[in-house]
Amino acid sequence: MRKTGVLIVSVVILAAIAGPWLVPFDPSAQELALRLEGPSWLHWFGLDELGRDILSRIMSGARVSLLVGLTVVSVSASIGAVIGSLAGYYGGAVDEAISRLIDILLAFPGLLLAIALVAVLGPSLTNVVLALSLIGWVGYARVVRAQVLQAREFEYVSAARAIGAATPRILIRHILPAVLPALSVQATLGMGGAILSEAALSFLGLGVQPPTPSWGAMLNYGRAHVLDAPHLTVFPGIAIAVVLLGLNLLGDSLRDKFGGGSLS
Amino acid sequence: MWRYLTRRLVLTIPVLVGVATLVFALIHFNPGDPARAILGDRASEADIAQLRQQLGLDRPLAVQYVAFLGGLARADLGTSLRTGTPVASQILERLPATVELALAAVAVALMLAIPLGIAAAVWRGTIVDHAAMTLSLAGVSMPNFWLGPLLAIIFGVELGWLPVSGRGGPEHIVLPAISLGAALTAVLARMTRATLADQLREPYVLAARARGVSRTRAVLLHAFRNSLIPIVTLAGLQIGAVLTGAVITETIFAWPGIGRLLIQSIGFRDYPMVQGCILLIAVTYVGVNLVVDLLYVVLDPRIRYR
């Protein structure tokens with residue numbers, strides 16, 4: 001399972017990095033005479049409502065999806081790791097305050113809060129990343145807090161404290177390595193969540209704006225042509241499903257190995 | 001039990017106040033001027049000032065916050081900027097459609113996930129198990145905003161069996177419910193398989209079989225009942241995903257619920273309506289989690305709350 005997951009994720013990363021050199025056509029180039037044409041030898045996935053090559057746009061869209069996924073996971077995991085570590089290590093009033101904040105934020109379904117934030121801030125790629133990161137840290141903070149609560153009782157941590165090591169050093173050198181496996185599981189599953197959320201926001205017209213290719217936005221435009229050109233809906237959807245499948249397989253196998261993380 | 005219930009209800013109050021505060025902050029800590037955002041860059045200063053007054057944005061923030069909480073206590077969510085009617089009445093009008101869709105989606109998920117999970121656990125390691133888990137992995141990986149249009153293409157357009165938009169007879173809810181319930185089905189099937197497989201290894205199942213209890217009875221009445229707690233917990237936790245998914249599903253199938261109202265209100269920059277819809281969904285989510293907590297006692301008599 002892990003091999004399949006690694007393979008799928010590697011292909012997507014390769015498509016995202018080498019996309020500009022691999023795409024068969026310019027993703028923005030329009031052939032209006034051939035608009036909505038179905039799959040053919042020349043255009044494997046067909047053309048969209050403006051006569052743009054769908055395969056090229058899907059490959060370019062992989063860059064957007066991965067960029068959002070990586071940025072959101074990096075920012076959320078960093079914020080979550082710091083806040084979760086503080087709550088778990090210091091305990092008491094700090095832990096209580098942070099835990100209540102986490103409770104309140106968890107009372108919101110994540111994507112709903114992202115929809116609300118983007119509705120207020122305005123639809124754009126930057127605001128999508130900002131909204132998803134502002135919500136995403138909560139899950140990481142919860143996982144890290146639980147891990148730090150355990151790790152701070154380890155004998156080698158007590159020993160470090162006894163010889164006078166500073167708190168930042170204890171957290172970074174001694175506790176962080178114990179937290180990393182669970183954090184990596186959460187990050188892998190979180191990456192799929194971030195990519196899915198970006199696609200959902202773009203599908204609702206609240207995410208990436210045209211002409212930047214985005215899988216969710218492509219599905220949104222495909223809705224108007226479900227009857228006459230279903231290929232507009234089918235191929236971007238397959239791209240999203242395959243990436244999510246790869247990340248889920250990878251996340252599941254990491255979870256089986258290290259424990260921690262959650263699907264939700 | 002009553003002590004626990006009271007304590008749990010009291011603990012919900014700060015969460016609800018926090019949720020309300022967050023919704024208030026969403027609109028009021030907007031980096032720009034909400035009135036300008038609603039009217040657009042071309043609006044005159046006089047129009048902006050008038051809207052600021054209408055929304056109460058010209059008052060100090062603390063006064064606005066207290067007025068907002070006071071309004072919530074009286075179930076007054078303000079007035080829609082688009083229609084000029086109370087937000088609460090429009091939300092109440094749309095609520096039954098969303099509740100109907102959410103319940104149908106959960107029903108679809110439970111009807112499919114539990115037999116699938118039980119079959120996978122009982123025949124663990126066989127082709128039945130692999131098929132069920134592959135199916136559920138596909139369900140987790142298929143976003144509902146793709147599954148919905150796909151179902152519409154197959155069952156609405158190609159086969160012509162089911163309607164693809166609007167709310168009417170029972171046939172109208174089939175595709176939206178399947179589309180919304182698919183991810184929940186997948187997650188619940190995996191959880192059912194995992195927890196039931198653990199329970200089936202417990203000595204009490206072997207003891208029941210030794211006493212002559214049939215395999216079906218041992219699985220369904222003994223082991224499955226003890227697997228229900230994590231399943232119910234997960235179903236409760238996933239209600240948030242169902243409610244958020246409803247926003248997308250209602251948009252795809254033109255289902256006249258709160259999710260569609262929310263997206264339409266965002267398009268019209270009707271902030272009081274956006275605020276009201278989000279608040280209602282969040283409060284429902286908190287309420288469902290509370291009910292899930294209380295259900296534990298009913299499902300597992302060994303749990304005694306202090």
# chains A, B, ... in the order shown; residues from 1 in each chain; ligands from 1
$ closest_atom_pairs --of "chain B" --to "chain A" --cutoff "6 Å" --atoms "only C-alpha atoms" --output "CSV"
residue,atom,partner,partner_atom,distance
B:Val15,CA,A:Ile104,CA,5.3
B:Gly18,CA,A:Ile104,CA,5.8
B:Ser141,CA,A:Ala241,CA,5.0
B:Met142,CA,A:Ala241,CA,5.1
B:Trp146,CA,A:Gly237,CA,5.5
B:Gly240,CA,A:Pro109,CA,4.9
B:Thr244,CA,A:Leu112,CA,5.8
B:Ile266,CA,A:Ala119,CA,5.9
B:Ala282,CA,A:Phe108,CA,5.2
B:Val286,CA,A:Ala107,CA,5.8
$ residues_around --residues "Leu50 (chain A)" --least-positions-apart "2" --cutoff "8 Å" --atoms "only C-alpha atoms" --output "PyMOL selection string"
chain A and resi 30-32+35-36+47-48+52
$ residues_around --residues "region 121-137 of chain B" --least-positions-apart "2" --cutoff "12 Å" --atoms "only C-alpha atoms" --output "number ranges by chain"
A: 1, 241-242, 244-249, 252, 263; B: 109, 112-119, 139-143, 181-201, 215-216, 218-220, 223-224, 227
$ write_last_selection --atoms "C-alpha atoms" --output "PDB file, in the first residue's frame"
ATOM      1  CA  MET A   1       0.000   0.000   0.000  1.00  0.00           C
ATOM      2  CA  ALA A 241      -9.285  11.374  -6.616  1.00  0.00           C
ATOM      3  CA  VAL A 242      -5.940   9.815  -7.609  1.00  0.00           C
ATOM      4  CA  LEU A 244      -6.147  11.876  -2.557  1.00  0.00           C
ATOM      5  CA  LEU A 245      -5.916   8.098  -2.935  1.00  0.00           C
ATOM      6  CA  GLY A 246      -2.106   8.299  -3.029  1.00  0.00           C
ATOM      7  CA  LEU A 247      -1.926  10.530   0.035  1.00  0.00           C
ATOM      8  CA  ASN A 248      -4.481   8.409   1.924  1.00  0.00           C
ATOM      9  CA  LEU A 249      -2.546   5.203   1.168  1.00  0.00           C
ATOM     10  CA  ASP A 252      -2.523   5.057   6.341  1.00  0.00           C
ATOM     11  CA  LEU A 263      -8.657  10.928   8.949  1.00  0.00           C
TER      12      LEU A 263
ATOM     13  CA  ALA B 109     -23.991   5.858   5.008  1.00  0.00           C
ATOM     14  CA  LEU B 112     -24.093   0.735   3.398  1.00  0.00           C
ATOM     15  CA  ALA B 113     -21.181   1.094   5.846  1.00  0.00           C
ATOM     16  CA  ILE B 114     -22.312  -1.218   8.631  1.00  0.00           C
ATOM     17  CA  PRO B 115     -23.011  -4.334   6.484  1.00  0.00           C
ATOM     18  CA  LEU B 116     -19.824  -3.599   4.511  1.00  0.00           C
ATOM     19  CA  GLY B 117     -17.732  -3.219   7.679  1.00  0.00           C
ATOM     20  CA  ILE B 118     -19.266  -6.289   9.333  1.00  0.00           C
ATOM     21  CA  ALA B 119     -18.663  -8.431   6.222  1.00  0.00           C
ATOM     22  CA  GLY B 139     -15.126   6.536  -1.327  1.00  0.00           C
ATOM     23  CA  VAL B 140     -12.721   8.485   0.925  1.00  0.00           C
ATOM     24  CA  SER B 141     -10.751   9.654  -2.105  1.00  0.00           C
ATOM     25  CA  MET B 142     -13.710  10.755  -4.252  1.00  0.00           C
ATOM     26  CA  PRO B 143     -14.686  14.330  -3.447  1.00  0.00           C
ATOM     27  CA  GLY B 181     -23.123  10.136   2.211  1.00  0.00           C
ATOM     28  CA  ALA B 182     -20.361   8.432   0.184  1.00  0.00           C
ATOM     29  CA  ALA B 183     -17.379   9.752   2.158  1.00  0.00           C
ATOM     30  CA  LEU B 184     -19.131   9.033   5.472  1.00  0.00           C
ATOM     31  CA  THR B 185     -19.903   5.495   4.245  1.00  0.00           C
ATOM     32  CA  ALA B 186     -16.233   4.918   3.513  1.00  0.00           C
ATOM     33  CA  VAL B 187     -14.990   6.225   6.862  1.00  0.00           C
ATOM     34  CA  LEU B 188     -17.657   4.342   8.872  1.00  0.00           C
ATOM     35  CA  ALA B 189     -17.044   1.068   7.001  1.00  0.00           C
ATOM     36  CA  ARG B 190     -13.339   1.236   7.856  1.00  0.00           C
ATOM     37  CA  MET B 191     -14.086   2.001  11.496  1.00  0.00           C
ATOM     38  CA  THR B 192     -16.730  -0.779  11.736  1.00  0.00           C
ATOM     39  CA  ARG B 193     -14.271  -3.304  10.307  1.00  0.00           C
ATOM     40  CA  ALA B 194     -11.429  -2.259  12.629  1.00  0.00           C
ATOM     41  CA  THR B 195     -13.444  -2.183  15.873  1.00  0.00           C
ATOM     42  CA  LEU B 196     -15.477  -5.316  15.144  1.00  0.00           C
ATOM     43  CA  ALA B 197     -12.335  -7.269  14.190  1.00  0.00           C
ATOM     44  CA  ASP B 198     -10.854  -6.315  17.607  1.00  0.00           C
ATOM     45  CA  GLN B 199     -14.033  -7.358  19.433  1.00  0.00           C
ATOM     46  CA  LEU B 200     -14.227 -10.699  17.612  1.00  0.00           C
ATOM     47  CA  ARG B 201     -10.867 -11.633  19.143  1.00  0.00           C
ATOM     48  CA  ARG B 215     -22.167 -17.171  14.850  1.00  0.00           C
ATOM     49  CA  THR B 216     -24.589 -14.549  13.528  1.00  0.00           C
ATOM     50  CA  ALA B 218     -22.428 -13.708  18.518  1.00  0.00           C
ATOM     51  CA  VAL B 219     -21.325 -11.226  15.885  1.00  0.00           C
ATOM     52  CA  LEU B 220     -24.398  -9.027  15.763  1.00  0.00           C
ATOM     53  CA  ALA B 223     -19.446  -8.170  19.404  1.00  0.00           C
ATOM     54  CA  PHE B 224     -21.145  -5.551  17.235  1.00  0.00           C
ATOM     55  CA  SER B 227     -18.132  -1.905  18.647  1.00  0.00           C
TER      56      SER B 227
END
$ closest_residue --among "A:Asp26, A:Glu155, A:Glu198, A:Asp95" --to "Ile54 (chain A)" --atoms "only C-alpha atoms"
A:Asp26
$ residues_around --residues "Gln64 (chain B)" --least-positions-apart "3" --cutoff "12 Å" --atoms "only C-alpha atoms" --output "ChimeraX atom specification"
/B:21,24-25,27-28,52-53,55-61,67-71
$ write_last_selection --atoms "N, CA and C atoms" --output "mmCIF file, in the first residue's frame"
data_model
loop_
_atom_site.group_PDB
_atom_site.id
_atom_site.type_symbol
_atom_site.label_atom_id
_atom_site.label_comp_id
_atom_site.auth_asym_id
_atom_site.auth_seq_id
_atom_site.Cartn_x
_atom_site.Cartn_y
_atom_site.Cartn_z
ATOM 1 N N THR B 21 -18.392 34.572 19.134
ATOM 2 C CA THR B 21 -17.355 35.607 19.081
ATOM 3 C C THR B 21 -16.547 35.489 17.791
ATOM 4 N N PHE B 24 -18.550 36.756 14.923
ATOM 5 C CA PHE B 24 -18.577 38.226 14.993
ATOM 6 C C PHE B 24 -17.247 38.786 14.484
ATOM 7 N N ALA B 25 -16.144 38.176 14.954
ATOM 8 C CA ALA B 25 -14.813 38.667 14.577
ATOM 9 C C ALA B 25 -14.578 38.525 13.077
ATOM 10 N N ILE B 27 -16.463 39.001 10.574
ATOM 11 C CA ILE B 27 -16.967 40.139 9.798
ATOM 12 C C ILE B 27 -16.295 41.440 10.240
ATOM 13 N N HIS B 28 -16.105 41.585 11.569
ATOM 14 C CA HIS B 28 -15.665 42.892 12.073
ATOM 15 C C HIS B 28 -14.158 43.107 12.046
ATOM 16 N N ARG B 52 -23.100 51.747 6.785
ATOM 17 C CA ARG B 52 -22.389 51.559 8.063
ATOM 18 C C ARG B 52 -23.353 51.778 9.230
ATOM 19 N N GLN B 53 -24.193 52.803 9.069
ATOM 20 C CA GLN B 53 -25.169 53.107 10.126
ATOM 21 C C GLN B 53 -26.217 51.988 10.209
ATOM 22 N N LEU B 55 -25.908 48.888 9.404
ATOM 23 C CA LEU B 55 -25.323 47.672 9.984
ATOM 24 C C LEU B 55 -24.861 47.880 11.428
ATOM 25 N N GLY B 56 -24.892 49.119 11.870
ATOM 26 C CA GLY B 56 -24.431 49.428 13.234
ATOM 27 C C GLY B 56 -22.920 49.476 13.340
ATOM 28 N N LEU B 57 -22.236 49.607 12.198
ATOM 29 C CA LEU B 57 -20.768 49.580 12.212
ATOM 30 C C LEU B 57 -20.175 50.903 12.705
ATOM 31 N N ASP B 58 -21.017 51.942 12.812
ATOM 32 C CA ASP B 58 -20.506 53.238 13.286
ATOM 33 C C ASP B 58 -20.411 53.289 14.811
ATOM 34 N N ARG B 59 -20.916 52.239 15.472
ATOM 35 C CA ARG B 59 -20.862 52.224 16.945
ATOM 36 C C ARG B 59 -19.552 51.593 17.402
ATOM 37 N N PRO B 60 -19.122 51.874 18.686
ATOM 38 C CA PRO B 60 -17.885 51.235 19.182
ATOM 39 C C PRO B 60 -17.998 49.706 19.108
ATOM 40 N N LEU B 61 -16.850 49.041 18.894
ATOM 41 C CA LEU B 61 -16.819 47.588 18.692
ATOM 42 C C LEU B 61 -17.463 46.831 19.863
ATOM 43 N N ALA B 67 -24.401 44.023 21.530
ATOM 44 C CA ALA B 67 -25.676 44.023 20.800
ATOM 45 C C ALA B 67 -25.829 42.723 20.009
ATOM 46 N N PHE B 68 -24.713 42.231 19.448
ATOM 47 C CA PHE B 68 -24.734 40.985 18.671
ATOM 48 C C PHE B 68 -25.120 39.802 19.565
ATOM 49 N N LEU B 69 -24.467 39.724 20.747
ATOM 50 C CA LEU B 69 -24.776 38.620 21.668
ATOM 51 C C LEU B 69 -26.218 38.729 22.175
ATOM 52 N N GLY B 70 -26.642 39.973 22.453
ATOM 53 C CA GLY B 70 -28.021 40.209 22.911
ATOM 54 C C GLY B 70 -29.012 39.745 21.851
ATOM 55 N N GLY B 71 -28.730 40.066 20.604
ATOM 56 C CA GLY B 71 -29.589 39.651 19.495
ATOM 57 C C GLY B 71 -29.672 38.136 19.410
#
$ atom_distance --atom1 "CA of Val23 (chain A)" --atom2 "CA of Val11 (chain A)"
14.1 Å
$ residues_around --residues "Val94 (chain A)" --least-positions-apart "6" --cutoff "12 Å" --atoms "only C-alpha atoms" --output "MDAnalysis selection string"
chainID A and resid 83:88 100:101 145
